[in-house]
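Undergrad: Pasting structure30.pdb here (PDB, C-alpha atoms, pLDDT in the B column):
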```pdb
MODEL        1
ATOM      1  CA  MET A1437    -142.443 -63.735 162.135  1.00 32.00           C
ATOM      2  CA  PRO A1438    -138.926 -64.509 160.784  1.00 36.00           C
ATOM      3  CA  MET A1439    -138.217 -63.034 157.379  1.00 40.00           C
ATOM      4  CA  ARG A1440    -137.271 -66.389 155.804  1.00 43.00           C
ATOM      5  CA  THR A1441    -140.778 -67.738 156.414  1.00 41.00           C
ATOM      6  CA  THR A1442    -142.303 -64.986 154.316  1.00 55.00           C
ATOM      7  CA  THR A1443    -140.271 -65.426 151.127  1.00 74.00           C
ATOM      8  CA  THR A1444    -142.968 -67.417 149.346  1.00 66.00           C
ATOM      9  CA  SER A1445    -145.396 -64.531 149.796  1.00 70.00           C
ATOM     10  CA  ARG A1446    -143.095 -61.933 148.288  1.00 86.00           C
ATOM     11  CA  SER A1447    -144.122 -60.473 144.936  1.00 92.00           C
ATOM     12  CA  VAL A1448    -140.699 -60.293 143.285  1.00 97.00           C
ATOM     13  CA  TRP A1449    -141.929 -59.409 139.813  1.00 96.00           C
ATOM     14  CA  LEU A1450    -144.251 -56.783 141.290  1.00 97.00           C
ATOM     15  CA  PHE A1451    -141.231 -55.484 143.189  1.00 98.00           C
ATOM     16  CA  PHE A1452    -139.271 -55.137 139.942  1.00 98.00           C
ATOM     17  CA  LEU A1453    -142.203 -53.358 138.289  1.00 98.00           C
ATOM     18  CA  LEU A1454    -142.621 -50.980 141.215  1.00 98.00           C
ATOM     19  CA  VAL A1455    -138.893 -50.142 141.233  1.00 98.00           C
ATOM     20  CA  PHE A1456    -139.064 -49.195 137.542  1.00 98.00           C
ATOM     21  CA  LEU A1457    -142.253 -47.198 138.029  1.00 98.00           C
ATOM     22  CA  LEU A1458    -140.705 -45.243 140.896  1.00 97.00           C
ATOM     23  CA  SER A1459    -137.673 -44.597 138.674  1.00 97.00           C
ATOM     24  CA  LEU A1460    -139.760 -43.408 135.723  1.00 96.00           C
ATOM     25  CA  PRO A1461    -139.354 -39.666 136.509  1.00 94.00           C
ATOM     26  CA  THR A1462    -135.564 -40.097 136.402  1.00 93.00           C
ATOM     27  CA  TYR A1463    -135.833 -41.778 132.996  1.00 94.00           C
ATOM     28  CA  VAL A1464    -138.309 -39.276 131.570  1.00 94.00           C
ATOM     29  CA  LEU A1465    -136.251 -36.306 132.735  1.00 92.00           C
ATOM     30  CA  ARG A1466    -133.130 -38.046 131.348  1.00 90.00           C
ATOM     31  CA  LEU A1467    -131.167 -37.501 134.522  1.00 85.00           C
ATOM     32  CA  ALA A1468    -127.579 -38.716 134.367  1.00 82.00           C
ATOM     33  CA  ALA A1469    -125.149 -39.037 137.283  1.00 79.00           C
ATOM     34  CA  PRO A1470    -125.022 -37.463 139.792  1.00 78.00           C
ATOM     35  CA  TYR A1471    -128.706 -36.498 139.430  1.00 77.00           C
ATOM     36  CA  SER A1472    -129.698 -40.113 138.723  1.00 82.00           C
ATOM     37  CA  LEU A1473    -128.758 -40.832 142.348  1.00 85.00           C
ATOM     38  CA  LEU A1474    -132.281 -39.680 143.123  1.00 87.00           C
ATOM     39  CA  MET A1475    -133.468 -43.166 142.215  1.00 94.00           C
ATOM     40  CA  VAL A1476    -131.102 -45.213 144.383  1.00 96.00           C
ATOM     41  CA  PHE A1477    -133.587 -45.499 147.253  1.00 97.00           C
ATOM     42  CA  ASN A1478    -136.382 -46.763 144.994  1.00 98.00           C
ATOM     43  CA  PRO A1479    -135.603 -50.462 145.697  1.00 98.00           C
ATOM     44  CA  PHE A1480    -135.734 -49.672 149.435  1.00 98.00           C
ATOM     45  CA  ILE A1481    -139.070 -47.887 149.014  1.00 98.00           C
ATOM     46  CA  ALA A1482    -140.567 -50.606 146.812  1.00 98.00           C
ATOM     47  CA  ALA A1483    -139.474 -53.386 149.175  1.00 98.00           C
ATOM     48  CA  SER A1484    -140.871 -51.502 152.175  1.00 98.00           C
ATOM     49  CA  ILE A1485    -144.243 -50.935 150.490  1.00 97.00           C
ATOM     50  CA  LEU A1486    -144.629 -54.573 149.467  1.00 97.00           C
ATOM     51  CA  THR A1487    -143.375 -55.908 152.796  1.00 97.00           C
ATOM     52  CA  TYR A1488    -145.926 -53.758 154.616  1.00 96.00           C
ATOM     53  CA  ARG A1489    -148.647 -55.165 152.375  1.00 95.00           C
ATOM     54  CA  GLU A1490    -147.464 -58.750 152.947  1.00 95.00           C
ATOM     55  CA  ALA A1491    -146.284 -58.738 156.588  1.00 95.00           C
ATOM     56  CA  GLY A1492    -147.364 -55.452 158.152  1.00 96.00           C
ATOM     57  CA  SER A1493    -145.234 -52.975 160.061  1.00 97.00           C
ATOM     58  CA  GLY A1494    -143.459 -55.780 161.929  1.00 97.00           C
ATOM     59  CA  GLY A1495    -142.234 -57.226 158.651  1.00 96.00           C
ATOM     60  CA  VAL A1496    -140.984 -53.818 157.572  1.00 97.00           C
ATOM     61  CA  ARG A1497    -139.023 -53.429 160.792  1.00 97.00           C
ATOM     62  CA  LEU A1498    -137.433 -56.845 160.273  1.00 97.00           C
ATOM     63  CA  LEU A1499    -136.549 -55.887 156.710  1.00 97.00           C
ATOM     64  CA  TRP A1500    -134.939 -52.624 157.802  1.00 98.00           C
ATOM     65  CA  LYS A1501    -133.036 -54.345 160.630  1.00 97.00           C
ATOM     66  CA  ARG A1502    -131.244 -56.482 158.045  1.00 97.00           C
ATOM     67  CA  THR A1503    -129.291 -53.343 157.091  1.00 98.00           C
ATOM     68  CA  PHE A1504    -126.974 -54.139 160.018  1.00 97.00           C
ATOM     69  CA  ASP A1505    -127.294 -57.931 160.243  1.00 97.00           C
ATOM     70  CA  TYR A1506    -123.502 -58.319 160.443  1.00 97.00           C
ATOM     71  CA  LYS A1507    -123.892 -61.019 163.106  1.00 97.00           C
ATOM     72  CA  ARG A1508    -124.953 -63.368 160.316  1.00 97.00           C
ATOM     73  CA  ILE A1509    -121.351 -63.317 159.053  1.00 98.00           C
ATOM     74  CA  GLN A1510    -120.060 -66.092 161.306  1.00 95.00           C
ATOM     75  CA  ARG A1511    -116.853 -66.720 159.366  1.00 95.00           C
ATOM     76  CA  LYS A1512    -115.003 -63.411 159.443  1.00 96.00           C
ATOM     77  CA  ILE A1513    -112.701 -64.511 156.642  1.00 97.00           C
ATOM     78  CA  TRP A1514    -115.490 -63.533 154.249  1.00 98.00           C
ATOM     79  CA  TYR A1515    -114.772 -59.889 155.031  1.00 98.00           C
ATOM     80  CA  ILE A1516    -111.665 -60.306 152.867  1.00 98.00           C
ATOM     81  CA  PRO A1517    -113.599 -60.664 149.557  1.00 98.00           C
ATOM     82  CA  LEU A1518    -116.303 -58.292 150.791  1.00 98.00           C
ATOM     83  CA  LEU A1519    -113.726 -55.538 151.260  1.00 98.00           C
ATOM     84  CA  LEU A1520    -110.870 -56.416 148.922  1.00 97.00           C
ATOM     85  CA  LEU A1521    -112.210 -58.186 145.837  1.00 98.00           C
ATOM     86  CA  ILE A1522    -113.275 -55.024 144.026  1.00 97.00           C
ATOM     87  CA  PRO A1523    -110.141 -53.036 144.958  1.00 95.00           C
ATOM     88  CA  ALA A1524    -108.156 -55.948 143.477  1.00 96.00           C
ATOM     89  CA  VAL A1525    -110.163 -55.626 140.252  1.00 97.00           C
ATOM     90  CA  THR A1526    -109.506 -51.883 140.199  1.00 94.00           C
ATOM     91  CA  ILE A1527    -105.765 -52.395 140.628  1.00 92.00           C
ATOM     92  CA  LEU A1528    -105.805 -55.023 137.878  1.00 94.00           C
ATOM     93  CA  GLN A1529    -107.590 -52.574 135.596  1.00 93.00           C
ATOM     94  CA  TYR A1530    -104.887 -50.010 136.284  1.00 90.00           C
ATOM     95  CA  GLY A1531    -102.188 -52.554 135.489  1.00 90.00           C
ATOM     96  CA  LEU A1532    -103.863 -53.477 132.200  1.00 91.00           C
ATOM     97  CA  MET A1533    -104.178 -49.798 131.251  1.00 89.00           C
ATOM     98  CA  ARG A1534    -100.477 -49.318 132.013  1.00 86.00           C
ATOM     99  CA  LEU A1535     -99.545 -52.310 129.841  1.00 88.00           C
ATOM    100  CA  MET A1536    -101.699 -50.977 127.016  1.00 88.00           C
ATOM    101  CA  GLY A1537    -100.153 -47.536 127.298  1.00 83.00           C
ATOM    102  CA  VAL A1538    -103.466 -45.909 128.140  1.00 79.00           C
ATOM    103  CA  VAL A1539    -102.224 -44.477 131.439  1.00 69.00           C
ATOM    104  CA  PRO A1540     -98.835 -42.697 131.567  1.00 71.00           C
ATOM    105  CA  ILE A1541     -96.422 -43.144 134.509  1.00 62.00           C
ATOM    106  CA  PRO A1542     -97.220 -42.158 137.194  1.00 67.00           C
ATOM    107  CA  ARG A1543    -100.975 -41.577 137.325  1.00 71.00           C
ATOM    108  CA  LEU A1544    -102.180 -43.729 140.216  1.00 77.00           C
ATOM    109  CA  GLN A1545    -103.331 -41.575 143.126  1.00 82.00           C
ATOM    110  CA  PHE A1546    -105.533 -41.971 146.186  1.00 82.00           C
ATOM    111  CA  PRO A1547    -107.692 -39.189 147.692  1.00 84.00           C
ATOM    112  CA  PHE A1548    -106.894 -40.357 151.240  1.00 83.00           C
ATOM    113  CA  LEU A1549    -108.670 -37.496 153.009  1.00 87.00           C
ATOM    114  CA  MET A1550    -111.869 -38.115 151.067  1.00 91.00           C
ATOM    115  CA  MET A1551    -111.864 -41.911 151.234  1.00 92.00           C
ATOM    116  CA  PRO A1552    -113.820 -42.175 154.541  1.00 94.00           C
ATOM    117  CA  VAL A1553    -116.350 -39.656 153.200  1.00 95.00           C
ATOM    118  CA  TYR A1554    -116.759 -41.611 149.965  1.00 94.00           C
ATOM    119  CA  LEU A1555    -117.143 -44.896 151.829  1.00 96.00           C
ATOM    120  CA  LEU A1556    -119.799 -43.504 154.176  1.00 97.00           C
ATOM    121  CA  ALA A1557    -121.710 -41.921 151.298  1.00 96.00           C
ATOM    122  CA  PHE A1558    -121.560 -45.075 149.185  1.00 97.00           C
ATOM    123  CA  PHE A1559    -122.606 -47.223 152.157  1.00 98.00           C
ATOM    124  CA  ILE A1560    -125.702 -45.072 152.700  1.00 97.00           C
ATOM    125  CA  LEU A1561    -126.543 -45.157 148.996  1.00 97.00           C
ATOM    126  CA  ALA A1562    -126.045 -48.938 148.918  1.00 98.00           C
ATOM    127  CA  ILE A1563    -128.608 -49.312 151.712  1.00 98.00           C
ATOM    128  CA  GLY A1564    -131.155 -47.806 149.335  1.00 98.00           C
ATOM    129  CA  GLU A1565    -130.521 -50.561 146.806  1.00 98.00           C
ATOM    130  CA  GLU A1566    -129.571 -53.678 148.756  1.00 98.00           C
ATOM    131  CA  VAL A1567    -132.460 -53.689 151.229  1.00 98.00           C
ATOM    132  CA  GLY A1568    -134.530 -54.204 148.083  1.00 98.00           C
ATOM    133  CA  TRP A1569    -132.340 -56.309 145.780  1.00 98.00           C
ATOM    134  CA  SER A1570    -130.826 -58.565 148.460  1.00 98.00           C
ATOM    135  CA  GLY A1571    -133.154 -58.122 151.434  1.00 98.00           C
ATOM    136  CA  TYR A1572    -136.417 -58.547 149.554  1.00 98.00           C
ATOM    137  CA  ALA A1573    -135.925 -60.120 146.117  1.00 98.00           C
ATOM    138  CA  LEU A1574    -132.973 -62.495 146.353  1.00 98.00           C
ATOM    139  CA  ASP A1575    -134.266 -65.209 148.687  1.00 97.00           C
ATOM    140  CA  PRO A1576    -137.505 -65.947 146.808  1.00 97.00           C
ATOM    141  CA  LEU A1577    -135.626 -65.944 143.494  1.00 97.00           C
ATOM    142  CA  GLN A1578    -133.181 -68.492 144.903  1.00 96.00           C
ATOM    143  CA  ASP A1579    -135.991 -70.563 146.377  1.00 95.00           C
ATOM    144  CA  ARG A1580    -137.599 -70.771 142.934  1.00 94.00           C
ATOM    145  CA  TRP A1581    -134.629 -70.929 140.564  1.00 95.00           C
ATOM    146  CA  GLY A1582    -131.436 -71.582 142.502  1.00 96.00           C
ATOM    147  CA  ALA A1583    -128.461 -69.322 143.156  1.00 97.00           C
ATOM    148  CA  LEU A1584    -126.941 -68.802 139.701  1.00 98.00           C
ATOM    149  CA  PRO A1585    -130.233 -68.171 137.859  1.00 98.00           C
ATOM    150  CA  ALA A1586    -131.284 -65.843 140.688  1.00 98.00           C
ATOM    151  CA  GLY A1587    -128.023 -63.918 140.298  1.00 98.00           C
ATOM    152  CA  ILE A1588    -128.468 -63.662 136.545  1.00 98.00           C
ATOM    153  CA  ILE A1589    -132.104 -62.542 136.812  1.00 98.00           C
ATOM    154  CA  LEU A1590    -131.332 -59.985 139.493  1.00 98.00           C
ATOM    155  CA  GLY A1591    -128.223 -58.845 137.626  1.00 98.00           C
ATOM    156  CA  VAL A1592    -130.096 -58.335 134.361  1.00 98.00           C
ATOM    157  CA  VAL A1593    -132.852 -56.374 136.104  1.00 98.00           C
ATOM    158  CA  TRP A1594    -130.198 -54.341 137.926  1.00 98.00           C
ATOM    159  CA  ALA A1595    -128.431 -53.574 134.641  1.00 98.00           C
ATOM    160  CA  LEU A1596    -131.674 -52.619 132.870  1.00 98.00           C
ATOM    161  CA  TRP A1597    -132.584 -50.355 135.776  1.00 97.00           C
ATOM    162  CA  HIS A1598    -129.300 -48.481 135.239  1.00 96.00           C
ATOM    163  CA  LEU A1599    -129.509 -48.548 131.448  1.00 96.00           C
ATOM    164  CA  VAL A1600    -130.916 -45.056 130.860  1.00 95.00           C
ATOM    165  CA  PRO A1601    -128.403 -43.256 133.131  1.00 93.00           C
ATOM    166  CA  TYR A1602    -125.590 -45.379 131.646  1.00 93.00           C
ATOM    167  CA  SER A1603    -126.524 -44.567 128.061  1.00 94.00           C
ATOM    168  CA  LEU A1604    -126.995 -40.820 128.508  1.00 93.00           C
ATOM    169  CA  VAL A1605    -123.302 -40.042 128.984  1.00 91.00           C
ATOM    170  CA  ASN A1606    -121.396 -43.077 127.668  1.00 94.00           C
ATOM    171  CA  PRO A1607    -120.757 -44.724 124.267  1.00 96.00           C
ATOM    172  CA  LEU A1608    -122.479 -47.970 123.306  1.00 97.00           C
ATOM    173  CA  LEU A1609    -119.453 -50.208 123.958  1.00 97.00           C
ATOM    174  CA  TRP A1610    -119.063 -48.778 127.476  1.00 97.00           C
ATOM    175  CA  VAL A1611    -122.759 -49.341 128.185  1.00 97.00           C
ATOM    176  CA  ALA A1612    -122.689 -52.932 126.899  1.00 98.00           C
ATOM    177  CA  ALA A1613    -119.577 -53.770 128.927  1.00 98.00           C
ATOM    178  CA  GLN A1614    -121.001 -52.129 132.036  1.00 98.00           C
ATOM    179  CA  CYS A1615    -124.193 -54.175 131.737  1.00 98.00           C
ATOM    180  CA  VAL A1616    -122.105 -57.363 131.565  1.00 98.00           C
ATOM    181  CA  ALA A1617    -120.046 -56.189 134.548  1.00 98.00           C
ATOM    182  CA  THR A1618    -123.247 -55.439 136.474  1.00 98.00           C
ATOM    183  CA  VAL A1619    -124.565 -58.977 135.953  1.00 98.00           C
ATOM    184  CA  MET A1620    -121.215 -60.515 136.925  1.00 98.00           C
ATOM    185  CA  VAL A1621    -121.044 -58.390 140.068  1.00 98.00           C
ATOM    186  CA  ARG A1622    -124.498 -59.588 141.080  1.00 98.00           C
ATOM    187  CA  ILE A1623    -123.505 -63.238 140.599  1.00 98.00           C
ATOM    188  CA  LEU A1624    -120.500 -62.636 142.848  1.00 98.00           C
ATOM    189  CA  MET A1625    -122.785 -60.925 145.344  1.00 98.00           C
ATOM    190  CA  VAL A1626    -125.073 -63.973 145.464  1.00 98.00           C
ATOM    191  CA  TRP A1627    -121.994 -66.127 146.128  1.00 98.00           C
ATOM    192  CA  LEU A1628    -120.972 -63.832 148.988  1.00 98.00           C
ATOM    193  CA  TYR A1629    -124.534 -63.608 150.314  1.00 98.00           C
ATOM    194  CA  ASN A1630    -124.872 -67.384 150.515  1.00 97.00           C
ATOM    195  CA  ASN A1631    -121.510 -67.713 152.257  1.00 96.00           C
ATOM    196  CA  THR A1632    -122.134 -64.970 154.829  1.00 97.00           C
ATOM    197  CA  GLY A1633    -125.342 -66.323 156.312  1.00 96.00           C
ATOM    198  CA  GLY A1634    -127.531 -64.271 153.976  1.00 97.00           C
ATOM    199  CA  SER A1635    -126.173 -60.973 155.300  1.00 98.00           C
ATOM    200  CA  VAL A1636    -127.675 -57.873 153.720  1.00 98.00           C
ATOM    201  CA  PHE A1637    -125.084 -55.834 155.610  1.00 98.00           C
ATOM    202  CA  GLY A1638    -122.415 -57.766 153.726  1.00 98.00           C
ATOM    203  CA  MET A1639    -124.087 -56.933 150.421  1.00 98.00           C
ATOM    204  CA  ILE A1640    -124.335 -53.253 151.361  1.00 98.00           C
ATOM    205  CA  LEU A1641    -120.650 -53.224 152.248  1.00 98.00           C
ATOM    206  CA  PHE A1642    -119.671 -54.974 149.016  1.00 98.00           C
ATOM    207  CA  HIS A1643    -121.901 -52.660 146.968  1.00 98.00           C
ATOM    208  CA  ALA A1644    -120.212 -49.677 148.607  1.00 98.00           C
ATOM    209  CA  MET A1645    -116.833 -51.110 147.608  1.00 98.00           C
ATOM    210  CA  VAL A1646    -118.071 -51.536 144.028  1.00 97.00           C
ATOM    211  CA  ASN A1647    -118.785 -47.815 143.920  1.00 96.00           C
ATOM    212  CA  MET A1648    -115.468 -47.088 145.633  1.00 95.00           C
ATOM    213  CA  GLY A1649    -113.767 -48.935 142.792  1.00 93.00           C
ATOM    214  CA  SER A1650    -115.462 -47.044 139.987  1.00 91.00           C
ATOM    215  CA  VAL A1651    -116.459 -43.546 141.065  1.00 90.00           C
ATOM    216  CA  PRO A1652    -113.552 -41.716 142.805  1.00 88.00           C
ATOM    217  CA  ASP A1653    -110.719 -40.288 140.717  1.00 84.00           C
ATOM    218  CA  TYR A1654    -107.673 -42.515 141.161  1.00 87.00           C
ATOM    219  CA  GLY A1655    -105.814 -40.899 138.281  1.00 84.00           C
ATOM    220  CA  PHE A1656    -107.414 -43.038 135.571  1.00 86.00           C
ATOM    221  CA  ARG A1657    -110.928 -43.491 134.221  1.00 88.00           C
ATOM    222  CA  TYR A1658    -112.984 -46.527 135.166  1.00 93.00           C
ATOM    223  CA  ASP A1659    -113.338 -48.685 132.052  1.00 94.00           C
ATOM    224  CA  PRO A1660    -115.849 -51.566 132.127  1.00 96.00           C
ATOM    225  CA  VAL A1661    -114.451 -52.853 128.827  1.00 96.00           C
ATOM    226  CA  LEU A1662    -111.454 -54.016 130.876  1.00 95.00           C
ATOM    227  CA  VAL A1663    -113.322 -54.743 134.098  1.00 97.00           C
ATOM    228  CA  ALA A1664    -116.143 -56.890 132.646  1.00 98.00           C
ATOM    229  CA  PRO A1665    -113.860 -59.727 131.393  1.00 97.00           C
ATOM    230  CA  THR A1666    -112.077 -59.828 134.757  1.00 97.00           C
ATOM    231  CA  LEU A1667    -115.373 -60.093 136.638  1.00 98.00           C
ATOM    232  CA  THR A1668    -116.604 -62.720 134.175  1.00 98.00           C
ATOM    233  CA  VAL A1669    -113.554 -64.895 134.855  1.00 98.00           C
ATOM    234  CA  MET A1670    -114.061 -64.471 138.613  1.00 97.00           C
ATOM    235  CA  ALA A1671    -117.736 -65.419 138.344  1.00 98.00           C
ATOM    236  CA  ALA A1672    -116.885 -68.441 136.189  1.00 97.00           C
ATOM    237  CA  VAL A1673    -114.358 -69.661 138.772  1.00 96.00           C
ATOM    238  CA  VAL A1674    -116.932 -69.283 141.561  1.00 96.00           C
ATOM    239  CA  ILE A1675    -119.564 -71.176 139.571  1.00 96.00           C
ATOM    240  CA  PHE A1676    -117.102 -73.971 138.768  1.00 94.00           C
ATOM    241  CA  MET A1677    -115.785 -74.253 142.317  1.00 93.00           C
ATOM    242  CA  ARG A1678    -119.055 -73.879 144.228  1.00 93.00           C
ATOM    243  CA  GLY A1679    -121.691 -75.115 141.801  1.00 93.00           C
ATOM    244  CA  PRO A1680    -124.595 -73.166 140.280  1.00 94.00           C
ATOM    245  CA  GLY A1681    -127.244 -74.472 142.657  1.00 94.00           C
ATOM    246  CA  THR A1682    -126.152 -72.601 145.768  1.00 94.00           C
ATOM    247  CA  LEU A1683    -122.722 -71.071 144.925  1.00 95.00           C
ATOM    248  CA  ALA A1684    -121.850 -72.425 148.383  1.00 91.00           C
ATOM    249  CA  ARG A1685    -121.236 -75.814 149.920  1.00 71.00           C
ATOM    250  CA  TYR A1686    -124.318 -75.156 152.009  1.00 50.00           C
ATOM    251  CA  ARG A1687    -127.165 -72.816 151.266  1.00 47.00           C
ATOM    252  CA  TYR A1688    -125.962 -70.549 154.081  1.00 47.00           C
ATOM    253  CA  ALA A1689    -122.416 -71.570 154.948  1.00 46.00           C
TER     254      ALA A1689
ENDMDL
END
```
Take the structure I supplied and represent it as structure tokens, if you would.
TA:
Amino acid sequence: MPMRTTTTSRSVWLFFLLVFLLSLPTYVLRLAAPYSLLMVFNPFIAASILTYREAGSGGVRLLWKRTFDYKRIQRKIWYIPLLLLIPAVTILQYGLMRLMGVVPIPRLQFPFLMMPVYLLAFFILAIGEEVGWSGYALDPLQDRWGALPAGIILGVVWALWHLVPYSLVNPLLWVAAQCVATVMVRILMVWLYNNTGGSVFGMILFHAMVNMGSVPDYGFRYDPVLVAPTLTVMAAVVIFMRGPGTLARYRYA
């Protein structure tokens, strides 16, 4: 049975609840990064459990196969934003920090030898999240509410899911800005999803690039207070240009 025919049977709100329940030990133990990484596969686990209940083992196999559904990306030009949008935001952040005098000259550096290792690690970690967020929850949310509301709902849940690890080691302003950035990233991800044939692989790749833009040491500290406004402007442009209903000229362009 094709996955798209089963979206109406998916229990999205139960999925959200199950993800939070599976993450409860991380919250209770107050685990911050890197120990909070223990919860990154909870969306994958929750989606697999519910898909098995709704569509059996065959449905689970179809869900897992979407990890590498790169053939859905018919227009290869979409690999440009998938791979380069977040690095562009990171470079812009660096430029703003230079202008503000936060980062002395020169500080920009790239751990070239470690970059392939980081990318592989972040790709694997992103599988744990995106098989759930994009592979299981996104389509039924869009079917019910449309693209922009689905992105906002999923983004807010995504931000709340990260809230405890965020708040354990960061000040309130950082946490608030990061939550805004998280929602904006998810809106952009819905735009990319709907323009890449609904590719979960594309979302995993983009998610990995999000982590590539914020986790490694490039000689300056990631600051969502600067990144969140940039992402908000990008999301606003996408909404204006593509429309909130689908964020694409066609549902799956």
Undergrad: Mind pulling up the distance from atom CA of Ile1563 of chain A to atom CA of Ile1623 of chain A?
TA: 18.5 Å
Undergrad: If we count all atoms listed in the file and set the cut-off at 9 Å, which residues sit around segment 1661-1663 of chain A, ignoring sequence neighbours fewer than 6 positions away in its own chain? Please answer as a ChimeraX atom specification.
TA: /A:1525-1526,1528-1529,1532-1533,1609-1610,1612-1614,1617
Undergrad: Assuming the chain letters and numbering stay as they are in my file, what does the PyMOL selection byres ((chain A and resi 1462) around 9) actually select? List them as a PyMOL selection string.
TA: chain A and resi 1458-1461+1463-1468+1471-1472+1474-1475+1600-1601
Undergrad: Might you spell out which residues the PyMOL selection byres ((chain A and resi 1483) around 9) would select in the displayed file, as a list in words?
TA: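 That expression, the PyMOL selection byres ((chain A and resi 1483) around 9), corresponds here to Phe1451, Leu1454, Val1455, Asn1478, Pro1479, Phe1480, Ile1481, Ala1482, Ser1484, Ile1485, Leu1486, Thr1487, Tyr1488, Val1496, Leu1499, Val1567, Gly1568, Trp1569, Gly1571, Tyr1572 and Ala1573 of chain A.
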Undergrad: Check the smallest atom-to-atom distance from each of A:Ala1672, A:Val1611, A:Met1645, A:Leu1624 to Leu1596 of chain A using all atoms listed in the file, then report the winner.
TA: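 Residue with the minimum atom-to-atom distance to Leu1596 of chain A: A:Val1611.
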Undergrad: Could you work out how far atom CA of Leu1667 of chain A lies from atom CA of Val1621 of chain A, giving the answer in Å with one decimal?
TA: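 Those two atoms sit 6.8 Å apart.
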Undergrad: Mind pulling up the distance from atom CA of Ser1570 of chain A to atom CA of Leu1556 of chain A?
TA: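 Rounded to one decimal, the two atoms are 19.5 Å apart.
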